[in-house]
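Content type PDB, C-alpha atoms, from the file structure24.pdb:
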MODEL        1
ATOM      1  CA  MET A   1     -55.677 -30.615  -0.684
ATOM      2  CA  SER A   2     -59.133 -31.343   0.824
ATOM      3  CA  ARG A   3     -62.082 -32.079  -1.470
ATOM      4  CA  SER A   4     -63.852 -28.804  -0.592
ATOM      5  CA  ALA A   5     -60.663 -26.802  -1.167
ATOM      6  CA  GLN A   6     -60.160 -28.477  -4.534
ATOM      7  CA  GLU A   7     -63.740 -27.752  -5.582
ATOM      8  CA  GLY A   8     -63.265 -24.108  -4.656
ATOM      9  CA  ALA A   9     -60.051 -23.898  -6.640
ATOM     10  CA  LEU A  10     -61.680 -25.458  -9.713
ATOM     11  CA  ILE A  11     -64.650 -23.058  -9.552
ATOM     12  CA  ALA A  12     -62.206 -20.151  -9.393
ATOM     13  CA  VAL A  13     -60.415 -21.435 -12.500
ATOM     14  CA  GLY A  14     -63.555 -21.746 -14.610
ATOM     15  CA  GLY A  15     -65.137 -24.669 -16.487
ATOM     16  CA  ASP A  16     -63.559 -24.180 -19.901
ATOM     17  CA  GLN A  17     -60.100 -23.741 -18.379
ATOM     18  CA  VAL A  18     -60.550 -26.843 -16.205
ATOM     19  CA  ARG A  19     -61.536 -28.916 -19.240
ATOM     20  CA  LEU A  20     -58.431 -27.802 -21.162
ATOM     21  CA  MET A  21     -56.211 -28.271 -18.125
ATOM     22  CA  THR A  22     -57.512 -31.817 -17.636
ATOM     23  CA  ARG A  23     -57.053 -32.647 -21.322
ATOM     24  CA  VAL A  24     -53.469 -31.384 -21.308
ATOM     25  CA  ALA A  25     -52.701 -33.262 -18.086
ATOM     26  CA  ARG A  26     -54.020 -36.552 -19.486
ATOM     27  CA  MET A  27     -52.090 -36.154 -22.718
ATOM     28  CA  TYR A  28     -48.848 -35.426 -20.881
ATOM     29  CA  HIS A  29     -49.024 -37.786 -17.892
ATOM     30  CA  GLU A  30     -51.113 -40.689 -19.180
ATOM     31  CA  GLN A  31     -50.431 -40.708 -22.903
ATOM     32  CA  GLY A  32     -46.770 -39.727 -22.598
ATOM     33  CA  LYS A  33     -46.913 -36.950 -25.166
ATOM     34  CA  ARG A  34     -44.303 -34.195 -25.197
ATOM     35  CA  GLN A  35     -45.340 -30.595 -24.547
ATOM     36  CA  SER A  36     -44.505 -29.684 -28.154
ATOM     37  CA  GLU A  37     -46.853 -32.423 -29.436
ATOM     38  CA  ILE A  38     -49.656 -31.224 -27.170
ATOM     39  CA  SER A  39     -49.104 -27.686 -28.401
ATOM     40  CA  ASP A  40     -49.459 -28.779 -32.038
ATOM     41  CA  GLU A  41     -52.520 -30.980 -31.469
ATOM     42  CA  LEU A  42     -54.495 -28.476 -29.395
ATOM     43  CA  HIS A  43     -53.242 -25.397 -31.256
ATOM     44  CA  ILE A  44     -52.039 -23.617 -28.128
ATOM     45  CA  SER A  45     -48.581 -22.281 -27.389
ATOM     46  CA  GLN A  46     -46.011 -24.474 -25.646
ATOM     47  CA  PRO A  47     -45.565 -21.954 -22.774
ATOM     48  CA  ARG A  48     -49.317 -22.178 -22.172
ATOM     49  CA  VAL A  49     -49.091 -25.982 -22.079
ATOM     50  CA  SER A  50     -46.399 -25.658 -19.419
ATOM     51  CA  ARG A  51     -48.524 -23.232 -17.379
ATOM     52  CA  LEU A  52     -51.577 -25.494 -17.608
ATOM     53  CA  LEU A  53     -49.581 -28.491 -16.370
ATOM     54  CA  LYS A  54     -48.259 -26.510 -13.428
ATOM     55  CA  ARG A  55     -51.731 -25.224 -12.569
ATOM     56  CA  ALA A  56     -53.167 -28.761 -12.822
ATOM     57  CA  VAL A  57     -50.876 -29.740  -9.941
ATOM     58  CA  GLU A  58     -51.807 -26.657  -7.909
ATOM     59  CA  VAL A  59     -55.569 -27.307  -8.090
ATOM     60  CA  GLY A  60     -55.293 -31.057  -7.489
ATOM     61  CA  ILE A  61     -56.103 -32.396 -10.951
ATOM     62  CA  VAL A  62     -52.648 -34.009 -10.985
ATOM     63  CA  ARG A  63     -51.501 -35.616  -7.753
ATOM     64  CA  THR A  64     -48.115 -37.171  -7.174
ATOM     65  CA  SER A  65     -47.682 -40.313  -5.092
ATOM     66  CA  VAL A  66     -44.433 -42.062  -4.187
ATOM     67  CA  PHE A  67     -44.303 -45.840  -3.982
ATOM     68  CA  VAL A  68     -41.778 -46.975  -1.383
ATOM     69  CA  PRO A  69     -40.257 -50.334  -2.403
ATOM     70  CA  PRO A  70     -39.920 -53.134   0.177
ATOM     71  CA  GLY A  71     -36.754 -52.831   2.252
ATOM     72  CA  ILE A  72     -36.574 -49.029   1.937
ATOM     73  CA  TYR A  73     -37.198 -47.098   5.152
ATOM     74  CA  THR A  74     -37.299 -43.432   4.244
ATOM     75  CA  GLU A  75     -39.820 -42.604   6.995
ATOM     76  CA  LEU A  76     -37.520 -44.082   9.645
ATOM     77  CA  GLU A  77     -34.550 -42.254   8.154
ATOM     78  CA  GLU A  78     -36.363 -38.931   8.130
ATOM     79  CA  ALA A  79     -37.569 -39.449  11.714
ATOM     80  CA  LEU A  80     -34.009 -40.176  12.887
ATOM     81  CA  GLU A  81     -32.713 -37.097  11.106
ATOM     82  CA  GLU A  82     -35.326 -34.916  12.773
ATOM     83  CA  ARG A  83     -34.984 -36.444  16.253
ATOM     84  CA  TYR A  84     -31.185 -36.332  16.430
ATOM     85  CA  GLY A  85     -30.316 -33.471  14.087
ATOM     86  CA  LEU A  86     -28.548 -35.742  11.616
ATOM     87  CA  GLU A  87     -27.483 -34.672   8.167
ATOM     88  CA  GLN A  88     -28.484 -38.103   6.905
ATOM     89  CA  ALA A  89     -29.590 -41.494   8.177
ATOM     90  CA  VAL A  90     -29.358 -44.736   6.203
ATOM     91  CA  VAL A  91     -31.506 -47.627   7.488
ATOM     92  CA  VAL A  92     -31.160 -51.149   6.110
ATOM     93  CA  ASP A  93     -33.342 -54.218   6.405
ATOM     94  CA  ALA A  94     -31.540 -56.501   8.843
ATOM     95  CA  ASP A  95     -32.637 -58.180  12.061
ATOM     96  CA  GLY A  96     -30.655 -56.426  14.779
ATOM     97  CA  ALA A  97     -31.957 -58.828  17.409
ATOM     98  CA  HIS A  98     -31.195 -62.196  15.842
ATOM     99  CA  GLU A  99     -28.764 -61.799  12.961
ATOM    100  CA  ASP A 100     -25.286 -60.533  12.281
ATOM    101  CA  VAL A 101     -26.142 -57.157  10.793
ATOM    102  CA  THR A 102     -22.555 -56.363   9.783
ATOM    103  CA  PRO A 103     -22.788 -57.458   6.118
ATOM    104  CA  ALA A 104     -26.005 -55.495   5.517
ATOM    105  CA  ILE A 105     -24.680 -52.351   7.196
ATOM    106  CA  GLY A 106     -21.387 -52.695   5.339
ATOM    107  CA  ALA A 107     -23.201 -52.918   1.995
ATOM    108  CA  ALA A 108     -25.307 -49.859   2.868
ATOM    109  CA  LEU A 109     -22.166 -47.928   3.835
ATOM    110  CA  ALA A 110     -20.571 -48.828   0.499
ATOM    111  CA  ASP A 111     -23.673 -47.574  -1.364
ATOM    112  CA  TYR A 112     -23.675 -44.352   0.657
ATOM    113  CA  LEU A 113     -20.010 -43.665  -0.095
ATOM    114  CA  SER A 114     -20.448 -44.486  -3.786
ATOM    115  CA  ALA A 115     -23.222 -41.909  -4.004
ATOM    116  CA  THR A 116     -21.673 -39.123  -1.918
ATOM    117  CA  MET A 117     -17.912 -39.128  -2.514
ATOM    118  CA  THR A 118     -17.262 -36.831  -5.451
ATOM    119  CA  GLY A 119     -13.620 -35.845  -5.005
ATOM    120  CA  GLY A 120     -11.218 -33.906  -2.827
ATOM    121  CA  ASP A 121     -11.972 -35.511   0.526
ATOM    122  CA  SER A 122      -9.415 -36.113   3.244
ATOM    123  CA  VAL A 123     -10.773 -39.131   5.097
ATOM    124  CA  GLY A 124     -10.125 -40.400   8.611
ATOM    125  CA  ILE A 125     -10.860 -44.046   9.423
ATOM    126  CA  SER A 126     -11.086 -45.947  12.710
ATOM    127  CA  SER A 127      -9.155 -49.082  11.959
ATOM    128  CA  TRP A 128     -10.862 -51.587  14.256
ATOM    129  CA  ALA A 129     -14.478 -51.490  13.045
ATOM    130  CA  SER A 130     -15.874 -54.661  11.482
ATOM    131  CA  THR A 131     -18.637 -52.637   9.761
ATOM    132  CA  LEU A 132     -16.000 -50.552   7.974
ATOM    133  CA  LEU A 133     -14.142 -53.685   6.915
ATOM    134  CA  ALA A 134     -17.376 -55.075   5.451
ATOM    135  CA  GLY A 135     -18.217 -51.746   3.811
ATOM    136  CA  PHE A 136     -14.872 -51.213   2.159
ATOM    137  CA  GLY A 137     -14.865 -54.821   1.002
ATOM    138  CA  ALA A 138     -18.140 -54.100  -0.821
ATOM    139  CA  LEU A 139     -17.001 -50.720  -2.174
ATOM    140  CA  LYS A 140     -16.475 -50.785  -5.935
ATOM    141  CA  PRO A 141     -13.471 -48.824  -7.246
ATOM    142  CA  PHE A 142     -14.237 -45.302  -8.427
ATOM    143  CA  ARG A 143     -13.260 -44.434 -11.990
ATOM    144  CA  ALA A 144     -11.138 -41.519 -10.767
ATOM    145  CA  PRO A 145      -9.629 -40.677  -7.360
ATOM    146  CA  VAL A 146     -12.270 -39.269  -4.967
ATOM    147  CA  ALA A 147     -10.094 -38.778  -1.879
ATOM    148  CA  ASP A 148      -6.734 -37.119  -1.392
ATOM    149  CA  HIS A 149      -5.730 -38.919   1.820
ATOM    150  CA  VAL A 150      -6.972 -41.684   4.073
ATOM    151  CA  VAL A 151      -5.720 -41.238   7.632
ATOM    152  CA  GLN A 152      -5.748 -43.738  10.474
ATOM    153  CA  LEU A 153      -7.615 -42.260  13.475
ATOM    154  CA  VAL A 154      -6.465 -44.621  16.217
ATOM    155  CA  GLY A 155      -3.364 -46.746  16.743
ATOM    156  CA  GLY A 156      -3.454 -50.244  15.400
ATOM    157  CA  ILE A 157      -0.426 -52.306  16.430
ATOM    158  CA  GLY A 158      -1.469 -55.552  18.100
ATOM    159  CA  ASN A 159      -1.691 -59.255  17.368
ATOM    160  CA  PRO A 160       0.033 -59.683  13.959
ATOM    161  CA  ARG A 161      -2.733 -61.839  12.503
ATOM    162  CA  VAL A 162      -5.486 -59.362  13.299
ATOM    163  CA  GLN A 163      -3.226 -56.373  12.610
ATOM    164  CA  MET A 164      -3.414 -57.520   9.002
ATOM    165  CA  GLN A 165      -7.195 -56.967   9.176
ATOM    166  CA  ALA A 166      -6.738 -53.408  10.470
ATOM    167  CA  SER A 167      -4.233 -52.689   7.695
ATOM    168  CA  ARG A 168      -6.654 -54.256   5.227
ATOM    169  CA  ILE A 169      -9.339 -51.687   6.144
ATOM    170  CA  ILE A 170      -7.023 -48.862   5.098
ATOM    171  CA  GLY A 171      -5.836 -50.794   2.050
ATOM    172  CA  LEU A 172      -9.324 -51.573   0.761
ATOM    173  CA  PHE A 173     -10.406 -47.948   1.065
ATOM    174  CA  GLN A 174      -7.215 -46.708  -0.585
ATOM    175  CA  ALA A 175      -7.606 -49.144  -3.474
ATOM    176  CA  ALA A 176     -11.216 -48.084  -4.142
ATOM    177  CA  THR A 177     -10.771 -44.330  -3.792
ATOM    178  CA  GLY A 178      -7.188 -43.640  -4.894
ATOM    179  CA  ALA A 179      -6.390 -41.947  -1.566
ATOM    180  CA  GLU A 180      -2.826 -41.684  -0.273
ATOM    181  CA  PRO A 181      -2.637 -43.603   3.038
ATOM    182  CA  ILE A 182      -1.279 -41.985   6.207
ATOM    183  CA  LEU A 183      -0.815 -44.610   8.932
ATOM    184  CA  LEU A 184      -0.516 -44.298  12.705
ATOM    185  CA  PRO A 185       2.217 -46.807  13.618
ATOM    186  CA  THR A 186       1.419 -47.106  17.328
ATOM    187  CA  PRO A 187      -0.615 -49.265  19.714
ATOM    188  CA  ALA A 188      -4.144 -48.034  20.400
ATOM    189  CA  VAL A 189      -3.686 -47.884  24.192
ATOM    190  CA  LEU A 190      -0.493 -47.412  26.219
ATOM    191  CA  GLY A 191       0.260 -48.086  29.863
ATOM    192  CA  SER A 192       0.323 -44.500  31.126
ATOM    193  CA  ARG A 193      -0.734 -40.940  30.285
ATOM    194  CA  GLU A 194       2.911 -39.906  30.157
ATOM    195  CA  ALA A 195       3.726 -42.554  27.551
ATOM    196  CA  GLY A 196       0.687 -41.517  25.503
ATOM    197  CA  ALA A 197       1.610 -37.828  25.556
ATOM    198  CA  ALA A 198       5.213 -38.588  24.607
ATOM    199  CA  LEU A 199       4.243 -40.823  21.708
ATOM    200  CA  LEU A 200       1.758 -38.315  20.272
ATOM    201  CA  GLY A 201       4.605 -35.800  20.116
ATOM    202  CA  ASP A 202       6.936 -38.227  18.358
ATOM    203  CA  PRO A 203       7.923 -37.372  14.747
ATOM    204  CA  ALA A 204       6.959 -40.903  13.687
ATOM    205  CA  VAL A 205       3.287 -40.130  14.236
ATOM    206  CA  ALA A 206       3.373 -36.430  13.312
ATOM    207  CA  ASP A 207       2.030 -36.954   9.777
ATOM    208  CA  ALA A 208      -1.151 -38.583  11.062
ATOM    209  CA  VAL A 209      -1.622 -36.145  13.949
ATOM    210  CA  ASN A 210      -1.237 -33.142  11.623
ATOM    211  CA  ALA A 211      -3.555 -34.668   9.013
ATOM    212  CA  TRP A 212      -6.381 -35.017  11.548
ATOM    213  CA  GLU A 213      -6.792 -31.233  11.583
ATOM    214  CA  SER A 214      -7.747 -31.055   7.893
ATOM    215  CA  LEU A 215     -10.137 -34.011   7.589
ATOM    216  CA  THR A 216     -13.373 -33.476   5.659
ATOM    217  CA  LEU A 217     -14.851 -36.940   6.254
ATOM    218  CA  ALA A 218     -14.544 -39.362   9.184
ATOM    219  CA  LEU A 219     -15.702 -42.987   8.947
ATOM    220  CA  VAL A 220     -16.025 -44.666  12.329
ATOM    221  CA  GLY A 221     -17.504 -47.660  14.055
ATOM    222  CA  ILE A 222     -19.397 -47.304  17.318
ATOM    223  CA  GLY A 223     -18.368 -49.717  20.051
ATOM    224  CA  ALA A 224     -20.332 -50.924  23.057
ATOM    225  CA  ILE A 225     -18.685 -50.973  26.473
ATOM    226  CA  GLU A 226     -17.957 -54.652  25.919
ATOM    227  CA  PRO A 227     -14.986 -54.908  23.511
ATOM    228  CA  SER A 228     -15.608 -56.369  20.074
ATOM    229  CA  GLY A 229     -14.216 -59.706  18.987
ATOM    230  CA  LEU A 230     -11.817 -57.928  16.659
ATOM    231  CA  ALA A 231     -10.439 -55.810  19.496
ATOM    232  CA  LEU A 232     -10.158 -58.819  21.794
ATOM    233  CA  GLU A 233      -8.133 -60.768  19.231
ATOM    234  CA  SER A 234      -5.936 -57.815  18.356
ATOM    235  CA  GLY A 235      -4.423 -57.231  21.773
ATOM    236  CA  ASN A 236      -5.890 -53.715  21.754
ATOM    237  CA  ALA A 237      -8.729 -54.604  24.133
ATOM    238  CA  PHE A 238      -8.198 -53.039  27.561
ATOM    239  CA  PRO A 239      -8.153 -54.987  30.855
ATOM    240  CA  ASP A 240     -11.381 -55.732  32.752
ATOM    241  CA  ALA A 241     -10.266 -53.363  35.523
ATOM    242  CA  ASP A 242     -10.265 -50.456  33.052
ATOM    243  CA  ARG A 243     -13.649 -51.442  31.699
ATOM    244  CA  GLN A 244     -15.144 -51.681  35.174
ATOM    245  CA  ARG A 245     -13.823 -48.221  36.089
ATOM    246  CA  LEU A 246     -15.275 -46.790  32.873
ATOM    247  CA  GLU A 247     -18.629 -48.471  33.527
ATOM    248  CA  ALA A 248     -18.644 -47.069  37.050
ATOM    249  CA  LYS A 249     -18.288 -43.601  35.526
ATOM    250  CA  GLY A 250     -21.292 -44.262  33.271
ATOM    251  CA  ALA A 251     -19.609 -45.277  30.002
ATOM    252  CA  VAL A 252     -21.951 -46.888  27.451
ATOM    253  CA  GLY A 253     -19.802 -46.922  24.305
ATOM    254  CA  ASP A 254     -16.833 -45.583  22.391
ATOM    255  CA  ILE A 255     -15.612 -44.187  19.106
ATOM    256  CA  CYS A 256     -11.887 -44.667  18.484
ATOM    257  CA  PHE A 257     -11.553 -45.839  22.148
ATOM    258  CA  ARG A 258     -12.895 -42.497  23.383
ATOM    259  CA  PHE A 259     -15.604 -43.544  25.835
ATOM    260  CA  PHE A 260     -18.770 -41.553  26.464
ATOM    261  CA  ASP A 261     -21.826 -41.793  28.710
ATOM    262  CA  ALA A 262     -25.508 -42.155  27.828
ATOM    263  CA  GLU A 263     -25.746 -38.458  26.943
ATOM    264  CA  GLY A 264     -22.641 -38.616  24.770
ATOM    265  CA  SER A 265     -20.311 -36.770  27.150
ATOM    266  CA  LEU A 266     -16.665 -37.874  27.124
ATOM    267  CA  ILE A 267     -15.694 -39.915  30.207
ATOM    268  CA  ASP A 268     -12.841 -38.175  31.992
ATOM    269  CA  SER A 269     -10.540 -41.016  33.028
ATOM    270  CA  ASP A 270      -6.956 -42.122  33.168
ATOM    271  CA  PHE A 271      -7.759 -44.479  30.297
ATOM    272  CA  ASP A 272      -8.568 -41.592  27.945
ATOM    273  CA  GLY A 273      -5.081 -40.160  28.457
ATOM    274  CA  ARG A 274      -3.515 -43.468  27.423
ATOM    275  CA  VAL A 275      -5.284 -43.666  24.038
ATOM    276  CA  ILE A 276      -3.267 -42.933  20.916
ATOM    277  CA  GLY A 277      -5.871 -41.513  18.592
ATOM    278  CA  VAL A 278      -7.686 -38.464  17.350
ATOM    279  CA  ASP A 279      -8.726 -35.929  19.992
ATOM    280  CA  PRO A 280     -12.544 -35.833  20.412
ATOM    281  CA  ARG A 281     -12.643 -32.067  19.790
ATOM    282  CA  VAL A 282     -10.750 -32.542  16.532
ATOM    283  CA  LEU A 283     -13.029 -35.411  15.510
ATOM    284  CA  LYS A 284     -16.207 -33.427  16.205
ATOM    285  CA  ALA A 285     -14.890 -30.572  14.039
ATOM    286  CA  VAL A 286     -14.801 -32.825  10.942
ATOM    287  CA  PRO A 287     -17.629 -31.625   8.657
ATOM    288  CA  ARG A 288     -19.018 -35.085   7.828
ATOM    289  CA  ARG A 289     -18.793 -37.801  10.496
ATOM    290  CA  VAL A 290     -20.266 -41.144   9.471
ATOM    291  CA  GLY A 291     -20.965 -43.791  12.091
ATOM    292  CA  ALA A 292     -21.735 -47.328  10.899
ATOM    293  CA  ALA A 293     -23.060 -49.689  13.575
ATOM    294  CA  GLY A 294     -26.009 -51.934  14.339
ATOM    295  CA  GLY A 295     -27.432 -54.660  16.519
ATOM    296  CA  LEU A 296     -29.710 -54.024  19.504
ATOM    297  CA  LYS A 297     -26.856 -54.507  21.983
ATOM    298  CA  LYS A 298     -25.346 -51.294  20.641
ATOM    299  CA  VAL A 299     -28.437 -49.094  21.012
ATOM    300  CA  PRO A 300     -27.168 -47.278  24.166
ATOM    301  CA  ALA A 301     -23.800 -46.643  22.508
ATOM    302  CA  ILE A 302     -25.348 -45.438  19.239
ATOM    303  CA  ARG A 303     -27.802 -43.178  21.084
ATOM    304  CA  GLY A 304     -24.940 -41.704  23.121
ATOM    305  CA  ALA A 305     -22.918 -41.076  19.971
ATOM    306  CA  LEU A 306     -25.900 -39.256  18.437
ATOM    307  CA  LEU A 307     -26.717 -37.174  21.513
ATOM    308  CA  GLY A 308     -23.077 -36.211  21.980
ATOM    309  CA  GLY A 309     -22.620 -35.060  18.386
ATOM    310  CA  TRP A 310     -19.885 -37.594  17.722
ATOM    311  CA  ILE A 311     -21.450 -38.365  14.326
ATOM    312  CA  ASN A 312     -23.838 -36.539  11.978
ATOM    313  CA  VAL A 313     -24.516 -39.404   9.554
ATOM    314  CA  LEU A 314     -25.731 -42.798  10.787
ATOM    315  CA  VAL A 315     -25.806 -46.107   8.910
ATOM    316  CA  THR A 316     -27.695 -48.734  10.917
ATOM    317  CA  ASP A 317     -30.324 -51.471  10.806
ATOM    318  CA  ARG A 318     -34.099 -51.180  11.085
ATOM    319  CA  ALA A 319     -34.401 -52.687  14.593
ATOM    320  CA  VAL A 320     -31.892 -50.175  15.978
ATOM    321  CA  ALA A 321     -33.589 -47.280  14.158
ATOM    322  CA  GLU A 322     -36.940 -48.214  15.723
ATOM    323  CA  ALA A 323     -35.351 -48.526  19.177
ATOM    324  CA  LEU A 324     -33.689 -45.105  18.828
ATOM    325  CA  LEU A 325     -37.092 -43.577  18.066
TER     326      LEU A 325
ENDMDL
END

In C-alpha cells, what does this structure look like?
Amino acid sequence: MSRSAQEGALIAVGGDQVRLMTRVARMYHEQGKRQSEISDELHISQPRVSRLLKRAVEVGIVRTSVFVPPGIYTELEEALEERYGLEQAVVVDADGAHEDVTPAIGAALADYLSATMTGGDSVGISSWASTLLAGFGALKPFRAPVADHVVQLVGGIGNPRVQMQASRIIGLFQAATGAEPILLPTPAVLGSREAGAALLGDPAVADAVNAWESLTLALVGIGAIEPSGLALESGNAFPDADRQRLEAKGAVGDICFRFFDAEGSLIDSDFDGRVIGVDPRVLKAVPRRVGAAGGLKKVPAIRGALLGGWINVLVTDRAVAEALL
C-alpha cells in the first residue's frame, strides 16, 4: 500500500478508531498478549479485538515481511514454476559448475519426499539415477507405510557389481516407505525392436508393465546425451553408433532411456524400440512426476524434460535454475 493510499484509508477510519486499532495491534504483535487478555484490559469484546486486528492489516498499520534465510531460493523456485508450468520446484545451494551436486540434490529430494508423501502412493522409479540413490540414502524411514508399491521403470540387468547399486535404489526406497517392490528383471536395452516387443509381452515382466498404468508418483533422473558413469559401468550404456544417430536426430537428454530433443519431443528411432521400460505416454500420465538432476552440463536435457512435460516437479541446483531462467 502506497503512503498516500494508507493516509486516505486512515482518514476514512477516523482518529479514535485508528488509535484503538494501533493500541490493539501493538499489544497483540509486539507485547505478545492474547486476544482475550486485550479484551479484558481495554474492556472491549473479543470479536471486536479480532476485527480491529484484521482492519489494522488492511489499512497498513500492521505489515508482514518474510525473512528468507541464506540458502533458500523461493524466488527462483517460483520463477521456475511460472516459466515452465511446474507444480513445484525445489532449488538447493550447490555449485553446478564446479562441484558434484549429487549429494545436495539427493538431500533436497529426501526432504521433499518426507514432506509430501502421506500414504497410498504407487511409485515408479528409474533405477539408474545417481541422484535417486543419494536421495533414498538420505531418506529417513517413515513411521508408517506411505507407499503401496515401488515399481522399476526401466530394465536393470547389467554388470553384477553395479547391478547391486540399481537394486539398492529400490531397496532403500522400500525400506524407508514400506512399499512392496515390483522389479523389472530385464536388461534396459536389447539388440532389436522385435526382441524388445517380445520381452515386454513376457509373463515374467507383466507385473511391472501392468503396475505402470496405476502409478501416482514417478521419481526419475534426467540424463544428458552422454551416458552417466553409472550407466557406463553397468553395461546398460548404448554403443557410440547409437548415440551418434540419436544426436544427429537432435537428442539432448533422456528419462528412462527415452531420448528427447531440445523441445522435449520423443526421438523416433530404432533405439527407442529396443528399450525395456515404461512407455512415454504412460509416464506422462502419472499425476506427479519428479525429476531430480543438476549440474550445468545437464541444462539442455533438463530444459527439454520441462518443455516436453516429462516432469512436473523439479529438484535441482541454483546454477541450473538460473540457467533455465

Contact check, region 117-211 of chain A to region 260-270 of chain A, at most 12 Å, counting all atoms listed in the file, closest pairs as a tab-separated table:
residue	atom	partner	partner_atom	distance
A:Val189	CA	A:Asp270	CA	11.2
A:Leu190	CA	A:Asp270	CA	10.9
A:Gly191	CA	A:Asp270	CA	9.9
A:Ser192	CA	A:Asp270	CA	7.9
A:Arg193	CA	A:Asp270	CA	7.0
A:Glu194	CA	A:Asp270	CA	10.6
A:Gly196	CA	A:Asp270	CA	10.8

Problem - Counting all atoms listed in the file, the residue of A:Gln88, A:Ser114, A:Ser214, A:Thr186 that sits nearest Asp148 (chain A) - result: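 With all atoms listed in the file as the atom set, the closest residue is A:Ser214.
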
Problem - Spatial neighbours of Thr177 (chain A), 12 Å, all atoms listed in the file, chain gap at least 5 places, as a list in words - result: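 Contacts, in chain order: Ala110, Leu113, Ser114, Met117, Thr118, Gly119, Gly120, Asp121, Ser122, Val123, Phe136, Leu139, Lys140, Pro141, Phe142, Arg143, Ala144, Pro145, Val146, Ala147, Asp148, His149, Val150, Ile170, Gly171 and Leu172 of chain A.
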
Handout entry: Coordinates-based distance that separates CA of Gly155 (chain A) from CA of Lys298 (chain A) (Å, one decimal)
Key = 22.8 Å

Practice task
Please determine the residues with any atom at most 10 Å from (-43.9, -28.2, -28.9) (coordinates as given in the file, with all atoms listed in the file counting) and report them as a PyMOL selection string.
Solution key: chain A and resi 33-41+44-47+49

Completion exercise
The residue from A:Ala211, A:Ala319, A:Ala292, A:Thr22 with the smallest atom-to-atom distance to Ala108 (chain A), counting all atoms listed in the file, is A:Ala292

Handout entry: Point-to-point distance in Å for CA of Val278 (chain A) and CA of Ala198 (chain A)
Key =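 Between CA of Ala198 (chain A) and CA of Val278 (chain A) the gap works out to 14.8 Å.
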
Problem - Nearest candidate to Val252 (chain A) (options A:Pro185, A:Gly304, A:Pro203, A:Gly294; using all atoms listed in the file) - result: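 For Val252 (chain A), the nearest of the candidates is A:Gly304.
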